[in-house]
Amino acid sequence: MSRFIQIHLLTAYPPANLNRDDQGRPKTAKMGGVDRLRVSSQSLKRHWRTSELFGQAVSGHLGTRTKRLGLGIYDRLTEAGIKDKNALTWAATIAGEFGKNKKADKNDPLNELEIEQLVHIGPDEQAQIDQLVATLIEEQRAPEKGELDLLRETTSAVDIALFGRMLASKPAYNIEAACQVAHAISVHPVVIEDDYFTAVDDLNDGREDAGSSHIGETGFAAGLFYSYLCINREQLIENLNGDAALANRAIAALIETAIKVPPSGKQNSFAHQGYASYVLAEAGNQQPRSLSVSFLKPVEVRGLIDKDYLTQAVDAIRQQYQGFDQVYGPCADRRYEICVGERLGAMGELLDFVGGAE
Amino acid sequence: MDYLLFRLYGPLASWGNIAIGESRHSFHGPTKSAVMGLVAAALGIRREEESQHLRLNREYHMASALFSQGSLLRDYHTVQAPDTVGKFTYRSRRDELVIGKDRLGTVLSSREYRSDALAWVALRAEDGVPYTLEQIADGLRTPIFTLYLGRKSCPLAAPLDPQLVVADGFAEAFKKYQPRGISPVLERQSERFERDVLCRDQSVEYCWEGNVEDFGSEGRLDKSQLLSETQHDRLNSRRRWQYAPRQIYHYRTKEGV
């Protein structure tokens with residue numbers, strides 16, 4: 001089995017302000033002695049794990065998203081001979097732990113059992129609910145406060161398993177992140193530009209003052225980013241209580257998200273959407289290393305008019321990993337590439353490669 | 001005496017200094033706790049294996065050669081998190097943001113990084129150590145846990161290229177270490193790409209613990225360039241994050257030793 005799965009991405013964004021510093025300007029870093037555009041790893045991870053795509057990709061294999069949790073509990077209680085009124089109250093109480101109960105409705109007594117929003121129930125939580133319901137049936141009593149608190153204190157959520165959890169006050173519950181994410185860095189030098197903008201008052205008819213009613217400045221820059229992530233598959237499986245199938249789902253979900261989901265900073269002002277144009281996946285037990293050194297010398301168009309930044313960047317990555325392999329011996333056992341410009345590779349095959357990297 | 005040498009290179013590194021409150025500072029070069037943490041990760045030693053970490057920190061002695069301390073990068077960082085309500089525990093980050101939506105607040109922190117940093121590390125082992133230097137070298141080639149330069153978001157960007165050498169003192173060990181290039185392709189174009197791009201002033205700063213003599217080339221050291229300093233990175237307890245002071249020598253030179 002391959003312990004490490006490394007993903008290298010090249011993603012281009014048009015003028016945007018993806019990730020801001022305390023001045024509101026795009027974040028930067030020096031690499032190879034010149035300024036680059038940067039998106040911090042923290043920012044990337046947050047947008048990935050809170051994205052719709054990631055949530056949906058793991059939900060089917062994590063548990064169930066439902067508003068109807070209480071209805072199932074009610075059915076089990078009444079089937080076991082619990083009085084209708086008790087069953088209704090107990091089920092509503094348990095469901096209420098997972099979300100706000102819907103308003104009571106005289107015409108539809110079961111309405112209260114539903115909750116307002118979809119809630120995502122993990123398999124381990126469902127098991128705890130089932131056990132609590134069984135206990136209530138056996139002991140013919142209402143759930144007690146302490147029993148309800150237990151419901152959310154379970155681990156093995158995919159996002160925790162991938163990105164870790166640190167609780168300074170309860171270190172026993174710490175979980176080591178199985179996924180390492182580097183700050184994304186532009187492959188070329190950047191100069192942050194300022195967008196001087198004005199906002200005009202629609203109702204100003206210009207009789208007294210024809211000027212704008214607000215002026216401001218926003219920093220922005222366009223960039224082709226190199227990003228890198230490394231997943232320790234063994235650790236992920238361990239974090240997920242040995243569930244290798246779920247680990248594979250999580251890996252595929254994360255990688256698809258990393259390819260498709262942009263940081264959302266100032267998304268409505270710049271509409272920067274973009275899928276990665278190049279993806280290299282590597283699997284093996286060898287010491288992981290990013291390929292950022294491909295861009296230590298920034299890509300340039302000067303003298304290479306027939307090649308754009310992207311083509312040069314892809315060339316640089318390929319030369320770099322081949323160079324590493326030649327000098328240090330193979331740095332991965334297997335590789336899979338997607339290159340949009342060359343119509344090479346396919347998303348489905350990539351996800352099979354990383355998801356089933358036995 | 002046997003020495004194990006390896007190289008630390010990545011576009012970003014962060015060598016944790018004493019951090020109180022919202023500012024997380026970085027040393028200018030690799031700390032012993034960070035390096036031994038990396039070695040422990042390579043060997044598959046878990047964070048809670050306290051005694052193993054203490055042995056690694058006490059029974060191996062470290063020196064570093066800093067070719068480029070990199071430029072200082074201050075990263076402004078915000079964390080959105082809900083405050084705690086009674087005994088309720090959020091099950092995941094997603095829960096914090098979805099269920100705790102009404103209670104979300106922002107925590108500010110500022111983290112320091114070093115960009116374009118390049119260092120070599122030399123380790124010397126005492127007798128009866130739990131892992132031989134060969135075993136550590138193997139671990140670095142095929143690590144059990146993910147390796148990083150002080151922070152998880154700072155991956156290695158080149159093979160560590162661990163090599164064992166026999167030398168009389170750290171200085172000679174560094175001289176014998178012959179790491180292969182980090183930019184094999186580009187190096188054909190320029191003789192020493194790393195030196196040209198990363199180590200512009202062509203000077204090296206050596207740091208080591210122990211005595212001046214441990215460095216080994218005492219006769220040739222320009223004493224006016226020798227500095228002794230106390231650094232709080234000798235591990236006392238991994239679990240409680242306690243570090244004790246450690247005496248460090250710094251020697252900066254243009255020529256190399």
# chains A, B, ... in the order shown; residues from 1 in each chain; ligands from 1
call {"tool": "interface_residues", "arguments": {"of": "chain A", "to": "chain B", "cutoff": "6 Å", "atoms": "only C-alpha atoms", "output": "number ranges by chain"}}
result
A: 21-22, 31-32, 152, 180-182, 285-287, 289-291, 323
call {"tool": "closest_atom_pairs", "arguments": {"of": "range 81-174 of chain B", "to": "range 55-66 of chain B", "cutoff": "12 Å", "atoms": "only C-alpha atoms", "output": "tab-separated table"}}
result
residue	atom	partner	partner_atom	distance
B:Asp116	CA	B:Leu66	CA	11.6
B:Ala117	CA	B:Leu66	CA	8.1
B:Leu118	CA	B:Leu66	CA	6.3
B:Ala119	CA	B:Leu66	CA	4.4
B:Trp120	CA	B:Ala65	CA	5.0
B:Val121	CA	B:Ser64	CA	4.4
B:Ala122	CA	B:Ala63	CA	5.2
B:Leu123	CA	B:Met62	CA	4.7
B:Arg124	CA	B:His61	CA	5.1
B:Ala125	CA	B:Tyr60	CA	4.5
B:Glu126	CA	B:Glu59	CA	5.4
B:Asp127	CA	B:Glu59	CA	8.2
B:Gly128	CA	B:Glu59	CA	8.7
B:Val129	CA	B:Glu59	CA	6.5
B:Pro130	CA	B:Arg55	CA	7.8
B:Tyr131	CA	B:Leu56	CA	8.7
B:Thr132	CA	B:Tyr60	CA	10.2
B:Leu133	CA	B:Tyr60	CA	9.5
B:Ile136	CA	B:Leu56	CA	10.8
B:Gly169	CA	B:Ala63	CA	10.0
B:Phe170	CA	B:Ala63	CA	6.8
B:Ala171	CA	B:Ala63	CA	9.1
B:Glu172	CA	B:Ala63	CA	11.7
B:Ala173	CA	B:Ala63	CA	9.9
B:Phe174	CA	B:Ala65	CA	7.7
call {"tool": "write_last_selection", "arguments": {"atoms": "C-alpha atoms", "output": "PDB file, in the first residue's frame"}}
result
ATOM      1  CA  ASP B 116      13.636  30.755   0.878  1.00  0.00           C
ATOM      2  CA  ALA B 117      15.449  29.204   3.863  1.00  0.00           C
ATOM      3  CA  LEU B 118      18.088  26.508   3.432  1.00  0.00           C
ATOM      4  CA  ALA B 119      19.898  24.657   6.214  1.00  0.00           C
ATOM      5  CA  TRP B 120      21.903  21.502   6.783  1.00  0.00           C
ATOM      6  CA  VAL B 121      21.657  19.546  10.004  1.00  0.00           C
ATOM      7  CA  ALA B 122      24.229  17.242  11.627  1.00  0.00           C
ATOM      8  CA  LEU B 123      23.373  14.765  14.384  1.00  0.00           C
ATOM      9  CA  ARG B 124      25.757  12.908  16.657  1.00  0.00           C
ATOM     10  CA  ALA B 125      24.524  10.060  18.886  1.00  0.00           C
ATOM     11  CA  GLU B 126      25.555   9.035  22.386  1.00  0.00           C
ATOM     12  CA  ASP B 127      26.241   5.398  23.207  1.00  0.00           C
ATOM     13  CA  GLY B 128      23.220   3.152  23.688  1.00  0.00           C
ATOM     14  CA  VAL B 129      20.730   5.328  21.824  1.00  0.00           C
ATOM     15  CA  PRO B 130      17.348   3.797  20.902  1.00  0.00           C
ATOM     16  CA  TYR B 131      17.863   4.319  17.163  1.00  0.00           C
ATOM     17  CA  THR B 132      21.136   4.144  15.293  1.00  0.00           C
ATOM     18  CA  LEU B 133      21.987   6.946  12.889  1.00  0.00           C
ATOM     19  CA  ILE B 136      17.206   7.423  11.386  1.00  0.00           C
ATOM     20  CA  GLY B 169      33.730  17.304  15.020  1.00  0.00           C
ATOM     21  CA  PHE B 170      30.728  18.981  13.402  1.00  0.00           C
ATOM     22  CA  ALA B 171      32.837  21.233  11.172  1.00  0.00           C
ATOM     23  CA  GLU B 172      34.485  18.333   9.413  1.00  0.00           C
ATOM     24  CA  ALA B 173      31.155  16.518   9.143  1.00  0.00           C
ATOM     25  CA  PHE B 174      29.618  19.467   7.282  1.00  0.00           C
TER      26      PHE B 174
END
call {"tool": "closest_atom_pairs", "arguments": {"of": "range 28-113 of chain A", "to": "range 128-131 of chain A", "cutoff": "12 Å", "atoms": "only C-alpha atoms", "output": "CSV"}}
result
residue,atom,partner,partner_atom,distance
A:Leu69,CA,A:Ile129,CA,9.8
A:Gly70,CA,A:Ile129,CA,10.4
A:Gly72,CA,A:Asp130,CA,10.0
A:Ile73,CA,A:Asp130,CA,8.2
A:Tyr74,CA,A:Asp130,CA,11.6
A:Arg76,CA,A:Asp130,CA,9.3
A:Leu77,CA,A:Asp130,CA,10.7
A:Trp90,CA,A:Ile129,CA,11.9
A:Ala91,CA,A:Ile129,CA,10.4
A:Thr93,CA,A:Ile129,CA,11.9
A:Ile94,CA,A:Ile129,CA,8.2
A:Ala95,CA,A:Ile129,CA,9.8
A:Glu97,CA,A:Ile129,CA,10.9
A:Phe98,CA,A:Ile129,CA,11.1
call {"tool": "write_last_selection", "arguments": {"atoms": "all heavy atoms", "output": "compact mmCIF listing (two decimals), in the first residue's frame"}}
result
# COMPACT_ATOMS: atom_id res chain seq x y z
N LEU A 69 -35.17 12.93 11.26
CA LEU A 69 -34.60 12.06 12.28
C LEU A 69 -35.64 11.66 13.32
O LEU A 69 -35.76 10.49 13.70
CB LEU A 69 -33.43 12.81 12.94
CG LEU A 69 -32.72 12.10 14.08
CD1 LEU A 69 -31.94 10.92 13.54
CD2 LEU A 69 -31.78 13.07 14.78
N GLY A 70 -36.43 12.65 13.79
CA GLY A 70 -37.41 12.40 14.85
C GLY A 70 -38.49 11.42 14.45
O GLY A 70 -38.99 10.65 15.28
N GLY A 72 -38.32 8.77 12.53
CA GLY A 72 -37.83 7.39 12.66
C GLY A 72 -37.86 6.95 14.12
O GLY A 72 -38.24 5.81 14.44
N ILE A 73 -37.45 7.85 15.01
CA ILE A 73 -37.43 7.51 16.44
C ILE A 73 -38.86 7.28 16.94
O ILE A 73 -39.14 6.31 17.64
CB ILE A 73 -36.75 8.65 17.23
CG1 ILE A 73 -35.30 8.84 16.74
CG2 ILE A 73 -36.78 8.37 18.72
CD1 ILE A 73 -34.60 10.06 17.29
N TYR A 74 -39.76 8.15 16.51
CA TYR A 74 -41.18 8.04 16.91
C TYR A 74 -41.75 6.68 16.48
O TYR A 74 -42.41 5.99 17.26
CB TYR A 74 -41.97 9.19 16.28
CG TYR A 74 -43.46 9.07 16.38
CD1 TYR A 74 -44.13 9.40 17.56
CD2 TYR A 74 -44.21 8.63 15.28
CE1 TYR A 74 -45.51 9.28 17.65
CE2 TYR A 74 -45.58 8.52 15.36
CZ TYR A 74 -46.23 8.84 16.54
OH TYR A 74 -47.59 8.74 16.62
N ARG A 76 -40.19 3.89 15.89
CA ARG A 76 -39.63 2.78 16.68
C ARG A 76 -40.29 2.71 18.06
O ARG A 76 -40.58 1.62 18.57
CB ARG A 76 -38.12 2.95 16.84
CG ARG A 76 -37.34 2.48 15.64
CD ARG A 76 -35.87 2.31 15.96
NE ARG A 76 -35.63 1.34 17.03
CZ ARG A 76 -34.47 1.20 17.65
NH1 ARG A 76 -33.47 1.97 17.32
NH2 ARG A 76 -34.32 0.29 18.59
N LEU A 77 -40.50 3.88 18.67
CA LEU A 77 -41.07 3.91 20.01
C LEU A 77 -42.51 3.39 20.01
O LEU A 77 -42.87 2.57 20.85
CB LEU A 77 -41.02 5.34 20.58
CG LEU A 77 -39.62 5.87 20.93
CD1 LEU A 77 -39.67 7.36 21.25
CD2 LEU A 77 -39.01 5.11 22.12
N TRP A 90 -40.71 12.29 23.54
CA TRP A 90 -39.32 11.80 23.61
C TRP A 90 -38.62 11.98 22.27
O TRP A 90 -37.48 12.45 22.21
CB TRP A 90 -39.30 10.31 24.01
CG TRP A 90 -39.94 10.02 25.35
CD1 TRP A 90 -40.43 10.92 26.25
CD2 TRP A 90 -40.17 8.73 25.91
NE1 TRP A 90 -40.95 10.28 27.34
CE2 TRP A 90 -40.81 8.93 27.17
CE3 TRP A 90 -39.91 7.41 25.50
CZ2 TRP A 90 -41.18 7.87 28.01
CZ3 TRP A 90 -40.26 6.35 26.34
CH2 TRP A 90 -40.90 6.58 27.58
N ALA A 91 -39.29 11.62 21.19
CA ALA A 91 -38.67 11.72 19.86
C ALA A 91 -38.37 13.18 19.52
O ALA A 91 -37.31 13.49 18.97
CB ALA A 91 -39.59 11.10 18.80
N THR A 93 -37.73 15.53 21.67
CA THR A 93 -36.60 15.96 22.50
C THR A 93 -35.27 15.53 21.86
O THR A 93 -34.33 16.32 21.76
CB THR A 93 -36.69 15.34 23.91
OG1 THR A 93 -38.02 15.54 24.40
CG2 THR A 93 -35.70 15.97 24.85
N ILE A 94 -35.23 14.27 21.44
CA ILE A 94 -33.97 13.77 20.84
C ILE A 94 -33.67 14.52 19.54
O ILE A 94 -32.55 15.01 19.33
CB ILE A 94 -34.05 12.25 20.58
CG1 ILE A 94 -34.18 11.51 21.93
CG2 ILE A 94 -32.80 11.77 19.85
CD1 ILE A 94 -34.44 10.02 21.80
N ALA A 95 -34.68 14.66 18.69
CA ALA A 95 -34.47 15.37 17.42
C ALA A 95 -34.03 16.80 17.68
O ALA A 95 -33.19 17.34 16.97
CB ALA A 95 -35.76 15.34 16.60
N GLU A 97 -32.09 17.90 19.78
CA GLU A 97 -30.65 17.99 20.05
C GLU A 97 -29.87 18.25 18.77
O GLU A 97 -28.73 18.69 18.80
CB GLU A 97 -30.15 16.68 20.68
CG GLU A 97 -30.46 16.54 22.16
CD GLU A 97 -29.76 17.61 22.98
OE1 GLU A 97 -28.52 17.68 22.92
OE2 GLU A 97 -30.45 18.37 23.67
N PHE A 98 -30.46 17.92 17.64
CA PHE A 98 -29.74 18.03 16.38
C PHE A 98 -30.17 19.24 15.56
O PHE A 98 -29.62 19.53 14.52
CB PHE A 98 -29.93 16.75 15.55
CG PHE A 98 -29.23 15.58 16.15
CD1 PHE A 98 -29.84 14.80 17.10
CD2 PHE A 98 -27.92 15.28 15.78
CE1 PHE A 98 -29.18 13.72 17.67
CE2 PHE A 98 -27.25 14.22 16.34
CZ PHE A 98 -27.88 13.43 17.30
call {"tool": "select_by_dssp", "arguments": {"residues": "range 48-150 of chain B", "states": "alpha helix (DSSP H)", "output": "JSON, numbers by chain"}}
result
{"B": [50, 51, 52, 53, 54, 55, 56, 57, 58, 59, 93, 94, 95, 96, 97, 98, 133, 134, 135, 136, 137, 138, 139, 140, 141]}
call {"tool": "atom_distance", "arguments": {"atom1": "CA of Ile251 in chain A", "atom2": "CA of Ile231 in chain A"}}
result
7.7 Å
call {"tool": "atom_distance", "arguments": {"atom1": "CA of Val212 in chain B", "atom2": "CA of Lys175 in chain B"}}
result
17.4 Å
call {"tool": "select_by_dssp", "arguments": {"residues": "range 145-180 of chain B", "states": "strand (DSSP E or B)", "output": "list in words"}}
result
Tyr148, Pro155, Gln163, Leu164, Val165 and Val166 of chain B
call {"tool": "atom_distance", "arguments": {"atom1": "CA of Asp159 in chain A", "atom2": "CA of Ser186 in chain A"}}
result
26.9 Å
call {"tool": "residues_around", "arguments": {"residues": "Thr230 in chain B", "least_positions_apart": "2", "cutoff": "8 Å", "atoms": "only C-alpha atoms", "output": "list in words"}}
result
Ser228, His232, Pro245, Arg246, Gln247 and Ile248 of chain B
call {"tool": "write_last_selection", "arguments": {"atoms": "N, CA, C and O atoms", "output": "CSV table (one decimal), in the first residue's frame"}}
result
chain,number,residue,atom,x,y,z
B,228,SER,N,27.9,33.1,21.9
B,228,SER,CA,27.2,32.1,22.7
B,228,SER,C,25.9,32.6,23.2
B,228,SER,O,25.7,33.8,23.5
B,232,HIS,N,15.6,28.6,24.2
B,232,HIS,CA,14.7,27.8,24.9
B,232,HIS,C,14.1,26.7,24.0
B,232,HIS,O,12.9,26.8,23.6
B,245,PRO,N,16.2,26.0,28.8
B,245,PRO,CA,17.2,26.7,28.1
B,245,PRO,C,18.3,25.8,27.6
B,245,PRO,O,18.6,24.7,28.3
B,246,ARG,N,19.0,26.1,26.6
B,246,ARG,CA,20.1,25.3,26.0
B,246,ARG,C,21.1,26.3,25.5
B,246,ARG,O,20.8,27.3,24.9
B,247,GLN,N,22.4,25.9,25.8
B,247,GLN,CA,23.5,26.8,25.4
B,247,GLN,C,23.8,26.5,23.9
B,247,GLN,O,24.1,25.4,23.5
B,248,ILE,N,23.9,27.6,23.1
B,248,ILE,CA,24.1,27.4,21.7
B,248,ILE,C,25.3,28.3,21.3
B,248,ILE,O,25.4,29.4,21.7
call {"tool": "residues_around", "arguments": {"residues": "Leu221 in chain B", "least_positions_apart": "6", "cutoff": "12 Å", "atoms": "only C-alpha atoms", "output": "compact mmCIF listing (two decimals) with C-alpha atoms, in the first residue's frame"}}
result
# COMPACT_ATOMS: atom_id res chain seq x y z
CA ALA B 171 32.84 21.23 11.17
CA TYR B 206 26.93 27.41 12.05
CA VAL B 212 33.23 25.07 21.47
CA GLU B 213 35.44 22.00 20.95
CA PHE B 215 32.65 21.94 16.50
CA LEU B 227 28.68 33.97 19.82
CA TYR B 249 27.22 28.58 19.84
CA HIS B 250 26.88 30.59 16.66
CA TYR B 251 29.70 31.06 14.23
CA ARG B 252 29.28 33.08 11.08
CA THR B 253 31.77 32.88 8.26
CA LYS B 254 32.09 33.75 4.60
CA GLU B 255 34.44 30.97 3.66
CA GLY B 256 32.77 27.97 5.25
CA VAL B 257 34.73 25.92 7.75
call {"tool": "closest_residue", "arguments": {"among": "A:Val133, A:Ala142, A:Leu148, A:Val58", "to": "Gly96 in chain A", "atoms": "only C-alpha atoms"}}
result
A:Leu148
call {"tool": "residues_around", "arguments": {"residues": "Pro82 in chain B", "least_positions_apart": "4", "cutoff": "7 Å", "atoms": "only C-alpha atoms", "output": "ChimeraX atom specification"}}
result
/B:96,100,103-105
call {"tool": "write_last_selection", "arguments": {"atoms": "N, CA, C and O atoms", "output": "PDB file, in the first residue's frame"}}
result
ATOM      1  N   GLU B  96     -18.955  23.549  13.975  1.00  0.00           N
ATOM      2  CA  GLU B  96     -18.666  24.862  14.557  1.00  0.00           C
ATOM      3  C   GLU B  96     -19.267  25.972  13.709  1.00  0.00           C
ATOM      4  O   GLU B  96     -19.845  26.918  14.215  1.00  0.00           O
ATOM      5  N   GLY B 100     -22.924  26.411  15.196  1.00  0.00           N
ATOM      6  CA  GLY B 100     -22.554  27.541  16.046  1.00  0.00           C
ATOM      7  C   GLY B 100     -22.638  28.881  15.332  1.00  0.00           C
ATOM      8  O   GLY B 100     -22.053  29.867  15.772  1.00  0.00           O
ATOM      9  N   ARG B 103     -23.075  32.178  17.109  1.00  0.00           N
ATOM     10  CA  ARG B 103     -22.111  32.557  18.139  1.00  0.00           C
ATOM     11  C   ARG B 103     -20.714  32.777  17.558  1.00  0.00           C
ATOM     12  O   ARG B 103     -19.736  32.854  18.295  1.00  0.00           O
ATOM     13  N   LEU B 104     -20.603  32.850  16.234  1.00  0.00           N
ATOM     14  CA  LEU B 104     -19.270  32.953  15.612  1.00  0.00           C
ATOM     15  C   LEU B 104     -18.581  34.275  15.953  1.00  0.00           C
ATOM     16  O   LEU B 104     -19.188  35.338  15.926  1.00  0.00           O
ATOM     17  N   GLY B 105     -17.329  34.180  16.298  1.00  0.00           N
ATOM     18  CA  GLY B 105     -16.515  35.368  16.503  1.00  0.00           C
ATOM     19  C   GLY B 105     -15.188  35.161  15.781  1.00  0.00           C
ATOM     20  O   GLY B 105     -14.959  34.099  15.198  1.00  0.00           O
TER      21      GLY B 105
END
